[in-house]
file upload_16.pdb (PDB, C-alpha atoms and all ligand atoms)
ATOM      1  CA  GLN A   1      98.667 114.255 106.512
ATOM      2  CA  GLU A   2      97.484 114.952 110.035
ATOM      3  CA  LEU A   3      93.860 114.220 109.297
ATOM      4  CA  ILE A   4      91.135 114.274 111.916
ATOM      5  CA  MET A   5      88.412 112.628 109.882
ATOM      6  CA  THR A   6      88.067 109.728 112.306
ATOM      7  CA  GLN A   7      86.301 112.048 114.717
ATOM      8  CA  ASN A   8      82.618 112.597 114.969
ATOM      9  CA  ILE A   9      81.881 115.228 112.366
ATOM     10  CA  ALA A  10      78.163 115.530 112.072
ATOM     11  CA  PRO A  11      76.112 118.539 111.036
ATOM     12  CA  ALA A  12      73.279 117.121 113.098
ATOM     13  CA  SER A  13      71.747 118.448 116.269
ATOM     14  CA  THR A  14      71.718 116.924 119.698
ATOM     15  CA  THR A  15      69.975 117.342 123.011
ATOM     16  CA  ALA A  16      71.775 117.446 126.323
ATOM     17  CA  GLY A  17      69.737 118.224 129.368
ATOM     18  CA  THR A  18      67.125 120.656 128.157
ATOM     19  CA  THR A  19      69.212 122.477 125.561
ATOM     20  CA  ALA A  20      68.922 121.566 121.908
ATOM     21  CA  ARG A  21      71.882 122.595 119.808
ATOM     22  CA  THR A  22      71.622 123.121 116.093
ATOM     23  CA  ALA A  23      74.446 123.539 113.606
ATOM     24  CA  HIS A  24      74.122 126.627 111.418
ATOM     25  CA  HIS A  25      75.580 127.178 107.985
ATOM     26  CA  ARG A  26      78.673 129.353 107.940
ATOM     27  CA  ARG A  27      80.531 131.244 105.232
ATOM     28  CA  TYR A  28      84.177 131.861 106.088
ATOM     29  CA  LEU A  29      87.171 133.575 104.496
ATOM     30  CA  MET A  30      90.502 131.760 104.834
ATOM     31  CA  CYS A  31      94.022 132.236 103.457
ATOM     32  CA  ARG A  32      96.343 129.290 102.730
ATOM     33  CA  PRO A  33      99.606 129.889 104.672
ATOM     34  CA  GLU A  34     101.885 129.400 101.664
ATOM     35  CA  HIS A  35     104.213 132.157 102.868
ATOM     36  CA  PHE A  36     103.901 131.417 106.567
ATOM     37  CA  THR A  37     106.937 132.070 108.748
ATOM     38  CA  VAL A  38     107.796 134.032 111.874
ATOM     39  CA  SER A  39     110.130 136.829 110.832
ATOM     40  CA  TYR A  40     109.168 139.532 113.371
ATOM     41  CA  THR A  41     107.746 139.750 116.879
ATOM     42  CA  ILE A  42     104.479 141.599 117.516
ATOM     43  CA  ASN A  43     103.088 139.293 120.220
ATOM     44  CA  PRO A  44     104.720 137.180 122.965
ATOM     45  CA  TRP A  45     104.227 133.930 121.031
ATOM     46  CA  MET A  46     106.400 134.978 118.083
ATOM     47  CA  GLU A  47     110.072 134.040 118.295
ATOM     48  CA  PRO A  48     111.851 134.509 114.945
ATOM     49  CA  ALA A  49     114.838 132.442 116.186
ATOM     50  CA  ASN A  50     112.625 129.326 116.383
ATOM     51  CA  PRO A  51     112.323 127.496 113.063
ATOM     52  CA  THR A  52     108.928 127.269 111.345
ATOM     53  CA  ASP A  53     107.779 124.583 108.925
ATOM     54  CA  THR A  54     105.646 126.139 106.206
ATOM     55  CA  ALA A  55     104.604 122.777 104.722
ATOM     56  CA  ARG A  56     103.397 121.666 108.144
ATOM     57  CA  ALA A  57     101.501 124.940 108.607
ATOM     58  CA  VAL A  58      99.783 124.336 105.263
ATOM     59  CA  ARG A  59      98.889 120.725 106.219
ATOM     60  CA  GLN A  60      97.409 121.780 109.548
ATOM     61  CA  TRP A  61      95.526 124.647 107.919
ATOM     62  CA  GLN A  62      94.207 122.160 105.323
ATOM     63  CA  ASP A  63      92.826 120.012 108.154
ATOM     64  CA  LEU A  64      90.860 123.005 109.390
ATOM     65  CA  TYR A  65      89.626 123.761 105.870
ATOM     66  CA  ASP A  66      88.610 120.116 105.312
ATOM     67  CA  THR A  67      86.801 120.055 108.652
ATOM     68  CA  TYR A  68      84.699 123.096 107.733
ATOM     69  CA  ILE A  69      83.878 121.563 104.345
ATOM     70  CA  ALA A  70      82.890 118.246 105.980
ATOM     71  CA  LEU A  71      80.515 120.210 108.224
ATOM     72  CA  GLY A  72      78.879 121.740 105.163
ATOM     73  CA  HIS A  73      80.282 125.244 105.578
ATOM     74  CA  GLU A  74      81.262 127.437 102.643
ATOM     75  CA  ILE A  75      84.882 128.565 102.449
ATOM     76  CA  GLU A  76      86.117 131.481 100.372
ATOM     77  CA  LEU A  77      89.843 131.974  99.817
ATOM     78  CA  ILE A  78      91.944 135.108  99.555
ATOM     79  CA  ASP A  79      95.301 134.782  97.775
ATOM     80  CA  PRO A  80      98.292 134.798 100.128
ATOM     81  CA  VAL A  81     100.815 137.565  99.478
ATOM     82  CA  GLU A  82     104.549 136.936  99.726
ATOM     83  CA  GLY A  83     106.105 138.972 102.532
ATOM     84  CA  LEU A  84     102.853 139.070 104.523
ATOM     85  CA  PRO A  85     103.221 135.889 106.614
ATOM     86  CA  ASP A  86     100.426 136.838 109.048
ATOM     87  CA  MET A  87      97.819 137.017 106.286
ATOM     88  CA  VAL A  88      96.772 133.467 107.216
ATOM     89  CA  TYR A  89      95.071 135.056 110.246
ATOM     90  CA  THR A  90      92.118 136.304 108.215
ATOM     91  CA  ALA A  91      90.105 137.145 111.335
ATOM     92  CA  ASN A  92      92.101 140.357 111.446
ATOM     93  CA  GLY A  93      91.206 141.270 107.864
ATOM     94  CA  GLY A  94      87.894 142.912 108.698
ATOM     95  CA  PHE A  95      84.536 142.620 110.432
ATOM     96  CA  LEU A  96      81.415 141.866 108.428
ATOM     97  CA  ILE A  97      77.731 142.000 109.281
ATOM     98  CA  ASP A  98      74.732 142.292 106.946
ATOM     99  CA  GLY A  99      76.878 142.570 103.827
ATOM    100  CA  ILE A 100      78.878 145.512 105.192
ATOM    101  CA  ALA A 101      82.655 145.014 105.476
ATOM    102  CA  TYR A 102      84.461 147.283 107.939
ATOM    103  CA  GLY A 103      88.125 147.198 106.954
ATOM    104  CA  PRO A 104      91.143 146.761 109.220
ATOM    105  CA  LYS A 105      93.796 149.284 110.180
ATOM    106  CA  PHE A 106      96.641 147.306 111.693
ATOM    107  CA  ARG A 107      98.461 148.398 114.834
ATOM    108  CA  PHE A 108     101.899 147.355 113.542
ATOM    109  CA  ALA A 109     103.655 148.330 110.312
ATOM    110  CA  GLU A 110     104.525 144.661 109.698
ATOM    111  CA  ARG A 111     100.877 143.901 108.915
ATOM    112  CA  ALA A 112      99.820 147.205 107.325
ATOM    113  CA  GLY A 113     100.202 145.753 103.832
ATOM    114  CA  GLU A 114      97.346 143.302 104.446
ATOM    115  CA  ALA A 115      94.649 145.967 104.649
ATOM    116  CA  GLY A 116      94.602 146.687 100.889
ATOM    117  CA  PRO A 117      94.251 143.062  99.739
ATOM    118  CA  PHE A 118      91.471 142.397 102.261
ATOM    119  CA  ILE A 119      89.442 145.503 101.339
ATOM    120  CA  ASP A 120      89.915 144.694  97.629
ATOM    121  CA  TRP A 121      88.682 141.151  98.231
ATOM    122  CA  PHE A 122      85.560 142.332 100.076
ATOM    123  CA  ARG A 123      84.770 144.830  97.324
ATOM    124  CA  ALA A 124      85.235 142.245  94.565
ATOM    125  CA  ALA A 125      83.013 139.822  96.491
ATOM    126  CA  GLY A 126      80.211 142.397  96.480
ATOM    127  CA  PHE A 127      80.401 143.676 100.051
ATOM    128  CA  ASP A 128      79.674 147.295 100.912
ATOM    129  CA  THR A 129      83.134 148.278 102.157
ATOM    130  CA  ARG A 130      83.867 150.866 104.860
ATOM    131  CA  GLU A 131      87.424 152.120 105.256
ATOM    132  CA  PRO A 132      88.369 152.656 108.902
ATOM    133  CA  VAL A 133      89.804 155.831 110.393
ATOM    134  CA  GLU A 134      90.667 154.154 113.695
ATOM    135  CA  VAL A 135      93.177 151.384 114.429
ATOM    136  CA  ASN A 136      91.307 148.063 114.567
ATOM    137  CA  GLU A 137      92.136 144.429 113.851
ATOM    138  CA  GLY A 138      88.775 143.188 112.654
ATOM    139  CA  GLU A 139      87.177 140.079 114.066
ATOM    140  CA  GLY A 140      90.279 139.544 116.185
ATOM    141  CA  ASP A 141      88.861 142.233 118.482
ATOM    142  CA  PHE A 142      85.171 142.439 117.463
ATOM    143  CA  LEU A 143      82.856 139.548 118.170
ATOM    144  CA  LEU A 144      79.162 139.502 117.304
ATOM    145  CA  VAL A 145      77.287 137.854 120.164
ATOM    146  CA  GLY A 146      73.576 137.720 119.564
ATOM    147  CA  ASP A 147      72.902 141.277 118.424
ATOM    148  CA  VAL A 148      75.646 143.067 120.353
ATOM    149  CA  ILE A 149      79.282 143.588 119.439
ATOM    150  CA  LEU A 150      81.856 142.712 122.084
ATOM    151  CA  ALA A 151      84.930 144.836 121.388
ATOM    152  CA  GLY A 152      88.420 144.331 122.782
ATOM    153  CA  THR A 153      91.095 146.906 123.497
ATOM    154  CA  GLY A 154      94.320 147.084 125.463
ATOM    155  CA  PHE A 155      96.798 145.782 122.907
ATOM    156  CA  ARG A 156      95.598 146.228 119.319
ATOM    157  CA  SER A 157      92.247 147.863 118.487
ATOM    158  CA  THR A 158      91.719 151.289 120.074
ATOM    159  CA  GLY A 159      88.779 152.462 122.130
ATOM    160  CA  ASP A 160      87.988 154.914 119.323
ATOM    161  CA  SER A 161      87.525 151.978 116.956
ATOM    162  CA  HIS A 162      84.789 150.709 119.289
ATOM    163  CA  ARG A 163      82.848 153.915 118.682
ATOM    164  CA  GLU A 164      83.545 153.669 114.954
ATOM    165  CA  VAL A 165      82.404 150.052 114.659
ATOM    166  CA  GLY A 166      79.204 150.978 116.527
ATOM    167  CA  GLU A 167      78.528 153.794 114.043
ATOM    168  CA  VAL A 168      79.232 151.573 111.023
ATOM    169  CA  PHE A 169      76.855 148.814 112.114
ATOM    170  CA  GLY A 170      74.368 150.750 114.265
ATOM    171  CA  ARG A 171      74.647 148.203 117.061
ATOM    172  CA  GLU A 172      75.386 148.228 120.757
ATOM    173  CA  VAL A 173      79.103 147.856 121.456
ATOM    174  CA  ILE A 174      80.454 146.591 124.763
ATOM    175  CA  SER A 175      84.089 147.586 125.349
ATOM    176  CA  LEU A 176      86.300 145.103 127.156
ATOM    177  CA  THR A 177      89.903 145.642 128.231
ATOM    178  CA  LEU A 178      92.482 142.894 127.838
ATOM    179  CA  THR A 179      95.373 142.934 130.307
ATOM    180  CA  ASP A 180      97.505 139.812 129.636
ATOM    181  CA  PRO A 181      99.871 140.260 126.650
ATOM    182  CA  ARG A 182      99.486 136.573 125.680
ATOM    183  CA  PHE A 183      95.817 137.287 125.008
ATOM    184  CA  TYR A 184      96.221 140.397 122.912
ATOM    185  CA  HIS A 185      93.126 139.938 120.726
ATOM    186  CA  LEU A 186      89.599 139.442 122.062
ATOM    187  CA  ASP A 187      89.242 136.179 120.104
ATOM    188  CA  THR A 188      92.048 134.644 122.184
ATOM    189  CA  ALA A 189      90.054 135.220 125.392
ATOM    190  CA  ILE A 190      86.390 134.804 124.346
ATOM    191  CA  ALA A 191      84.694 132.180 122.195
ATOM    192  CA  VAL A 192      81.198 132.855 120.835
ATOM    193  CA  LEU A 193      79.236 129.614 121.110
ATOM    194  CA  ASP A 194      75.756 130.391 119.820
ATOM    195  CA  PRO A 195      74.735 132.117 116.608
ATOM    196  CA  ILE A 196      72.186 134.895 116.361
ATOM    197  CA  GLU A 197      70.024 132.510 114.336
ATOM    198  CA  GLY A 198      69.728 130.445 117.482
ATOM    199  CA  ILE A 199      67.849 133.283 119.084
ATOM    200  CA  GLU A 200      65.693 133.936 116.045
ATOM    201  CA  ASN A 201      64.738 130.274 115.811
ATOM    202  CA  GLY A 202      63.788 129.929 119.436
ATOM    203  CA  GLY A 203      67.208 128.744 120.560
ATOM    204  CA  PRO A 204      69.067 130.103 123.573
ATOM    205  CA  GLU A 205      67.564 133.455 124.507
ATOM    206  CA  ARG A 206      70.960 134.962 124.996
ATOM    207  CA  ALA A 207      73.801 133.812 122.758
ATOM    208  CA  ASN A 208      76.314 132.289 125.117
ATOM    209  CA  ILE A 209      80.078 132.625 125.312
ATOM    210  CA  ALA A 210      83.083 130.939 126.885
ATOM    211  CA  TYR A 211      85.877 133.104 128.265
ATOM    212  CA  LEU A 212      89.044 133.356 130.281
ATOM    213  CA  PRO A 213      88.285 135.742 133.179
ATOM    214  CA  SER A 214      91.954 136.377 134.034
ATOM    215  CA  ALA A 215      92.597 137.880 130.587
ATOM    216  CA  PHE A 216      90.458 140.950 131.463
ATOM    217  CA  ASP A 217      90.621 143.868 133.855
ATOM    218  CA  GLU A 218      88.209 143.894 136.809
ATOM    219  CA  ALA A 219      85.640 146.207 135.235
ATOM    220  CA  SER A 220      85.427 143.999 132.139
ATOM    221  CA  GLN A 221      85.147 140.850 134.253
ATOM    222  CA  ALA A 222      82.185 142.430 136.049
ATOM    223  CA  ILE A 223      80.491 143.316 132.756
ATOM    224  CA  LEU A 224      80.959 139.780 131.426
ATOM    225  CA  ALA A 225      79.700 138.180 134.637
ATOM    226  CA  ALA A 226      76.557 140.349 134.583
ATOM    227  CA  ARG A 227      75.839 139.902 130.872
ATOM    228  CA  TYR A 228      76.671 136.215 130.599
ATOM    229  CA  PRO A 229      75.796 134.475 133.865
ATOM    230  CA  ASP A 230      75.746 131.091 132.099
ATOM    231  CA  ALA A 231      79.075 131.521 130.329
ATOM    232  CA  ILE A 232      81.681 128.778 130.403
ATOM    233  CA  HIS A 233      84.752 129.954 132.335
ATOM    234  CA  VAL A 234      87.784 128.160 130.966
ATOM    235  CA  SER A 235      90.837 127.355 133.069
ATOM    236  CA  ASP A 236      94.074 129.292 132.732
ATOM    237  CA  GLU A 237      95.589 126.059 131.423
ATOM    238  CA  ASP A 238      93.094 125.792 128.549
ATOM    239  CA  GLY A 239      93.369 129.501 127.846
ATOM    240  CA  ALA A 240      97.145 129.213 127.601
ATOM    241  CA  VAL A 241      96.898 126.676 124.755
ATOM    242  CA  PHE A 242      94.539 129.021 122.858
ATOM    243  CA  GLY A 243      91.547 126.830 123.717
ATOM    244  CA  LEU A 244      89.207 129.802 123.276
ATOM    245  CA  ASN A 245      90.486 130.599 119.812
ATOM    246  CA  SER A 246      87.805 128.389 118.352
ATOM    247  CA  ALA A 247      84.952 128.421 115.847
ATOM    248  CA  SER A 248      81.389 127.400 116.667
ATOM    249  CA  ASP A 249      78.412 126.885 114.373
ATOM    250  CA  GLY A 250      76.059 126.576 117.323
ATOM    251  CA  TYR A 251      76.635 122.834 117.728
ATOM    252  CA  ASN A 252      80.052 121.868 116.386
ATOM    253  CA  VAL A 253      82.891 123.760 118.071
ATOM    254  CA  ILE A 254      86.337 123.430 116.499
ATOM    255  CA  ILE A 255      88.938 123.625 119.274
ATOM    256  CA  SER A 256      92.579 122.818 120.000
ATOM    257  CA  PRO A 257      93.174 119.176 121.030
ATOM    258  CA  ARG A 258      95.182 120.508 123.958
ATOM    259  CA  ALA A 259      92.178 122.235 125.574
ATOM    260  CA  LYS A 260      90.992 119.105 127.431
ATOM    261  CA  GLY A 261      89.003 120.881 130.131
ATOM    262  CA  PHE A 262      87.195 123.082 127.634
ATOM    263  CA  GLU A 263      86.404 120.003 125.542
ATOM    264  CA  ALA A 264      84.662 118.409 128.562
ATOM    265  CA  GLN A 265      82.820 121.644 129.419
ATOM    266  CA  LEU A 266      81.485 121.863 125.858
ATOM    267  CA  ARG A 267      80.267 118.244 125.903
ATOM    268  CA  GLU A 268      78.491 118.835 129.226
ATOM    269  CA  ARG A 269      76.560 121.674 127.601
ATOM    270  CA  GLY A 270      75.539 119.651 124.562
ATOM    271  CA  TYR A 271      78.038 121.030 122.051
ATOM    272  CA  ASN A 272      80.131 118.790 119.817
ATOM    273  CA  PRO A 273      83.815 119.669 120.183
ATOM    274  CA  ILE A 274      85.986 118.738 117.190
ATOM    275  CA  MET A 275      89.734 118.876 117.675
ATOM    276  CA  VAL A 276      92.024 120.399 115.050
ATOM    277  CA  ASP A 277      95.699 120.947 115.845
ATOM    278  CA  LEU A 278      97.200 124.203 114.538
ATOM    279  CA  SER A 279     100.398 124.005 116.634
ATOM    280  CA  GLU A 280     102.534 125.372 113.791
ATOM    281  CA  LEU A 281     100.317 128.429 113.414
ATOM    282  CA  LEU A 282     100.501 128.998 117.159
ATOM    283  CA  LEU A 283     104.165 129.919 116.589
ATOM    284  CA  GLY A 284     102.776 133.104 115.048
ATOM    285  CA  GLY A 285     100.397 133.596 117.969
ATOM    286  CA  GLY A 286      97.277 132.434 116.165
ATOM    287  CA  GLY A 287      94.853 129.525 116.249
ATOM    288  CA  ILE A 288      91.616 128.258 114.752
ATOM    289  CA  LYS A 289      89.554 131.430 115.084
ATOM    290  CA  CYS A 290      92.425 133.623 113.896
ATOM    291  CA  CYS A 291      92.463 131.658 110.622
ATOM    292  CA  THR A 292      88.716 132.140 110.145
ATOM    293  CA  LEU A 293      86.770 135.287 109.209
ATOM    294  CA  GLU A 294      83.003 135.063 109.121
ATOM    295  CA  LEU A 295      81.369 136.569 106.034
ATOM    296  CA  ARG A 296      77.934 137.685 107.183
ATOM    297  CA  GLY A 297      75.423 138.892 104.687
ATOM    298  CA  ALA A 298      74.621 138.123 101.102
ATOM    299  CA  ARG A 299      76.714 139.320  98.244
ATOM    300  CA  ALA A 300      75.353 142.479  96.690
TER
HETATM  301  N1  LIG B   1     100.953 137.213 114.339
HETATM  302  C1  LIG B   1      99.629 137.750 114.291
HETATM  303  C2  LIG B   1      99.593 139.075 115.036
HETATM  304  O1  LIG B   1     100.270 139.201 116.031
HETATM  305  C3  LIG B   1      98.651 136.781 114.874
HETATM  306  C4  LIG B   1      97.225 137.229 114.754
HETATM  307  C5  LIG B   1      96.244 136.327 115.438
HETATM  308  N2  LIG B   1      94.908 136.670 115.092
HETATM  309  C6  LIG B   1      93.870 136.689 115.925
HETATM  310  N3  LIG B   1      92.691 136.896 115.431
HETATM  311  N4  LIG B   1      94.012 136.544 117.213
HETATM  312  O2  LIG B   1      98.903 139.991 114.658
END

call {"tool": "encode", "arguments": {"input": "upload_16.pdb", "output": "structure tokens"}}
result
Amino acid sequence: QELIMTQNIAPASTTAGTTARTAHHRRYLMCRPEHFTVSYTINPWMEPANPTDTARAVRQWQDLYDTYIALGHEIELIDPVEGLPDMVYTANGGFLIDGIAYGPKFRFAERAGEAGPFIDWFRAAGFDTREPVEVNEGEGDFLLVGDVILAGTGFRSTGDSHREVGEVFGREVISLTLTDPRFYHLDTAIAVLDPIEGIENGGPERANIAYLPSAFDEASQAILAARYPDAIHVSDEDGAVFGLNSASDGYNVIISPRAKGFEAQLRERGYNPIMVDLSELLLGGGGIKCCTLELRGARA
């Protein structure tokens, strides 16, 4: 077992400089990668000729699960379906705020079969489900930052889905265009660091982010620079190991052990980086955030 329990896992808060960071409770949906393999190519990371080790994928995924549990988070599980190896990347299964679940409509036929199981799960769990008309890949391309939705396009979710997600949730949507095929989902190029609760409880006035500027077109880079002047800019090196594909509770930030520069940047800002290695799941083009879908809002 590749356990990481020797690290500092503390649901406490800390103070660095003037910024107090507080861990917030999270409820996540995950899917054990029992049927994980790479049998098709829909992103540049996937190479079906390279062997995959399903048992290793499950062990690494279990480390992530155990880490969330140790931090006091609540994990829900959706049953894996044979023949849908990408179902482990639950971030693409929907986007949920205030008990409303906006369902996915996958870009590629290989993943289309996941939409039904995800919508069924949300319905059974008591969420108010909304079936999409437009192509969108859930929290892979939609990130809630404070009270606005950052929405990615260029490779997977369409610009029309940005309008649709805005109508479903009645929130401001900021469209961003991804240009590097390695970073085909927004959650591979932006990490949300602070929760909305931080703002409500007198935390950072503006929920902050970390991002990889080179993953975006110029117009999107300008929008990000104007909106998030205090954002962490990660290096191309850290971006390339999926350093941004991470999960934050406002204090603890689960990241790849290979993202050394990002780890140091987080510490400087008073966050607590915790390293979990999902190298096997990276063979499918996914990391920590991809395996994590936030369930926001109480069950009905
Ligand atoms: N193989 C999957 C795909 O290409 C990986 C999805 C990664 N998910 C994410 N949220 N970035 O769709």

call {"tool": "resolve_selection", "arguments": {"input": "upload_16.pdb", "expression": "the PyMOL selection byres (((not hetatm)) within 8 of (chain B and resi 1))", "output": "number ranges by chain"}}
result
A: 38, 41-43, 46, 86, 89-92, 111, 137-141, 184-188, 245, 284-287, 289-291

call {"tool": "resolve_selection", "arguments": {"input": "upload_16.pdb", "expression": "the PyMOL selection byres (((chain A and resi 145) around 8) and not hetatm)", "output": "PyMOL selection string"}}
result
chain A and resi 143-144+146-150+192+194-196+207-209

call {"tool": "atom_distance", "arguments": {"input": "upload_16.pdb", "atom1": "atom CA of Pro117 of chain A", "atom2": "atom CA of Leu84 of chain A"}}
result
10.6 Å

call {"tool": "closest_atom_pairs", "arguments": {"input": "upload_16.pdb", "of": "segment 177-282 of chain A", "to": "segment 68-79 of chain A", "cutoff": "10 Å", "atoms": "only C-alpha atoms", "output": "tab-separated table"}}
result
residue	atom	partner	partner_atom	distance
A:Ala247	CA	A:Tyr68	CA	9.7
A:Asp249	CA	A:His73	CA	9.1
A:Asn252	CA	A:Leu71	CA	8.3
A:Ile254	CA	A:Tyr68	CA	8.9

call {"tool": "write_last_selection", "arguments": {"input": "upload_16.pdb", "atoms": "C-alpha atoms", "output": "short mmCIF file (atom, residue, chain, number, x, y, z; two decimals), in the frame of the given file"}}
result
data_model
loop_
_atom_site.label_atom_id
_atom_site.label_comp_id
_atom_site.auth_asym_id
_atom_site.auth_seq_id
_atom_site.Cartn_x
_atom_site.Cartn_y
_atom_site.Cartn_z
CA ALA A 247 84.95 128.42 115.85
CA ASP A 249 78.41 126.88 114.37
CA ASN A 252 80.05 121.87 116.39
CA ILE A 254 86.34 123.43 116.50
#

call {"tool": "closest_residue", "arguments": {"input": "upload_16.pdb", "among": "A:Leu293, A:Val276, A:Val58, A:Met30", "to": "Val253 of chain A", "atoms": "all atoms listed in the file"}}
result
A:Val276

call {"tool": "resolve_selection", "arguments": {"input": "upload_16.pdb", "expression": "the PyMOL selection byres (((chain A and resi 257) around 7) and not hetatm)", "output": "MDAnalysis selection string"}}
result
chainID A and resid 255:256 258:260 275:277

call {"tool": "closest_residue", "arguments": {"input": "upload_16.pdb", "among": "A:Leu176, A:Ala264, A:Ala226, A:Leu295", "to": "Tyr102 of chain A", "atoms": "all atoms listed in the file"}}
result
A:Leu295

call {"tool": "atom_distance", "arguments": {"input": "upload_16.pdb", "atom1": "atom CA of Gly297 of chain A", "atom2": "atom CA of Phe106 of chain A"}}
result
23.9 Å

call {"tool": "atom_distance", "arguments": {"input": "upload_16.pdb", "atom1": "atom CA of Gly152 of chain A", "atom2": "atom CA of Thr179 of chain A"}}
result
10.3 Å

call {"tool": "residues_around", "arguments": {"input": "upload_16.pdb", "residues": "Glu34 of chain A", "least_positions_apart": "2", "cutoff": "10 Å", "atoms": "all atoms listed in the file", "output": "count of residues only"}}
result
15

call {"tool": "residues_around", "arguments": {"input": "upload_16.pdb", "residues": "Asp98 of chain A", "least_positions_apart": "2", "cutoff": "10 Å", "atoms": "all atoms listed in the file", "output": "PyMOL selection string"}}
result
chain A and resi 96+100-101+127-128+169+295-299

call {"tool": "residues_around", "arguments": {"input": "upload_16.pdb", "residues": "Leu278 of chain A", "least_positions_apart": "6", "cutoff": "7 Å", "atoms": "all atoms listed in the file", "output": "ChimeraX atom specification"}}
result
/A:60-61,287-288

call {"tool": "residues_around", "arguments": {"input": "upload_16.pdb", "residues": "Glu164 of chain A", "least_positions_apart": "4", "cutoff": "9 Å", "atoms": "all atoms listed in the file", "output": "number ranges by chain"}}
result
A: 132-134, 159-160, 168-169

call {"tool": "closest_residue", "arguments": {"input": "upload_16.pdb", "among": "A:Pro273, A:Gly94, A:Pro33, A:Gly126", "to": "Ser246 of chain A", "atoms": "all atoms listed in the file"}}
result
A:Pro273

call {"tool": "residues_around", "arguments": {"input": "upload_16.pdb", "residues": "Ser235 of chain A", "least_positions_apart": "6", "cutoff": "12 Å", "atoms": "all atoms listed in the file", "output": "PDB file with C-alpha atoms, in the frame of the given file"}}
result
ATOM      1  CA  ALA A 189      90.054 135.220 125.392  1.00  0.00           C
ATOM      2  CA  ALA A 210      83.083 130.939 126.885  1.00  0.00           C
ATOM      3  CA  TYR A 211      85.877 133.104 128.265  1.00  0.00           C
ATOM      4  CA  LEU A 212      89.044 133.356 130.281  1.00  0.00           C
ATOM      5  CA  PRO A 213      88.285 135.742 133.179  1.00  0.00           C
ATOM      6  CA  SER A 214      91.954 136.377 134.034  1.00  0.00           C
ATOM      7  CA  ALA A 215      92.597 137.880 130.587  1.00  0.00           C
ATOM      8  CA  VAL A 241      96.898 126.676 124.755  1.00  0.00           C
ATOM      9  CA  PHE A 242      94.539 129.021 122.858  1.00  0.00           C
ATOM     10  CA  GLY A 243      91.547 126.830 123.717  1.00  0.00           C
ATOM     11  CA  LEU A 244      89.207 129.802 123.276  1.00  0.00           C
ATOM     12  CA  ALA A 259      92.178 122.235 125.574  1.00  0.00           C
ATOM     13  CA  LYS A 260      90.992 119.105 127.431  1.00  0.00           C
ATOM     14  CA  GLY A 261      89.003 120.881 130.131  1.00  0.00           C
ATOM     15  CA  PHE A 262      87.195 123.082 127.634  1.00  0.00           C
ATOM     16  CA  GLU A 263      86.404 120.003 125.542  1.00  0.00           C
ATOM     17  CA  ALA A 264      84.662 118.409 128.562  1.00  0.00           C
ATOM     18  CA  GLN A 265      82.820 121.644 129.419  1.00  0.00           C
TER      19      GLN A 265
END

call {"tool": "closest_residue", "arguments": {"input": "upload_16.pdb", "among": "A:Glu167, A:Leu281, A:Asn272, A:Glu172", "to": "Gln62 of chain A", "atoms": "all atoms listed in the file"}}
result
A:Leu281

call {"tool": "decode", "arguments": {"input": "upload_16.pdb", "residues": "segment 70-102 of chain A", "atoms": "C-alpha atoms", "output": "JSON list (two decimals), in the first residue's frame"}}
result
[["chain", "number", "residue", "atom", "x", "y", "z"],
["A", 70, "ALA", "CA", -8.68, 11.50, 7.59],
["A", 71, "LEU", "CA", -9.44, 15.18, 6.95],
["A", 72, "GLY", "CA", -13.01, 14.65, 8.10],
["A", 73, "HIS", "CA", -14.65, 14.93, 4.68],
["A", 74, "GLU", "CA", -17.67, 12.88, 3.66],
["A", 75, "ILE", "CA", -17.28, 10.59, 0.66],
["A", 76, "GLU", "CA", -20.16, 9.14, -1.33],
["A", 77, "LEU", "CA", -19.53, 6.36, -3.84],
["A", 78, "ILE", "CA", -21.10, 5.61, -7.19],
["A", 79, "ASP", "CA", -20.82, 2.03, -8.46],
["A", 80, "PRO", "CA", -18.27, 1.58, -11.25],
["A", 81, "VAL", "CA", -19.68, 0.18, -14.49],
["A", 82, "GLU", "CA", -17.77, -2.37, -16.55],
["A", 83, "GLY", "CA", -16.83, -0.97, -19.95],
["A", 84, "LEU", "CA", -16.78, 2.62, -18.67],
["A", 85, "PRO", "CA", -13.14, 2.91, -17.54],
["A", 86, "ASP", "CA", -13.24, 6.73, -17.29],
["A", 87, "MET", "CA", -16.04, 6.69, -14.73],
["A", 88, "VAL", "CA", -13.39, 7.05, -12.01],
["A", 89, "TYR", "CA", -13.15, 10.71, -13.11],
["A", 90, "THR", "CA", -16.35, 11.69, -11.31],
["A", 91, "ALA", "CA", -15.66, 15.41, -11.75],
["A", 92, "ASN", "CA", -17.08, 15.00, -15.23],
["A", 93, "GLY", "CA", -20.30, 13.44, -13.95],
["A", 94, "GLY", "CA", -22.07, 16.71, -13.25],
["A", 95, "PHE", "CA", -21.96, 20.10, -11.55],
["A", 96, "LEU", "CA", -23.83, 20.67, -8.30],
["A", 97, "ILE", "CA", -24.68, 23.79, -6.36],
["A", 98, "ASP", "CA", -27.43, 24.34, -3.77],
["A", 99, "GLY", "CA", -28.85, 20.84, -4.18],
["A", 100, "ILE", "CA", -29.28, 21.21, -7.95],
["A", 101, "ALA", "CA", -27.42, 18.69, -10.13],
["A", 102, "TYR", "CA", -26.77, 19.75, -13.72]]
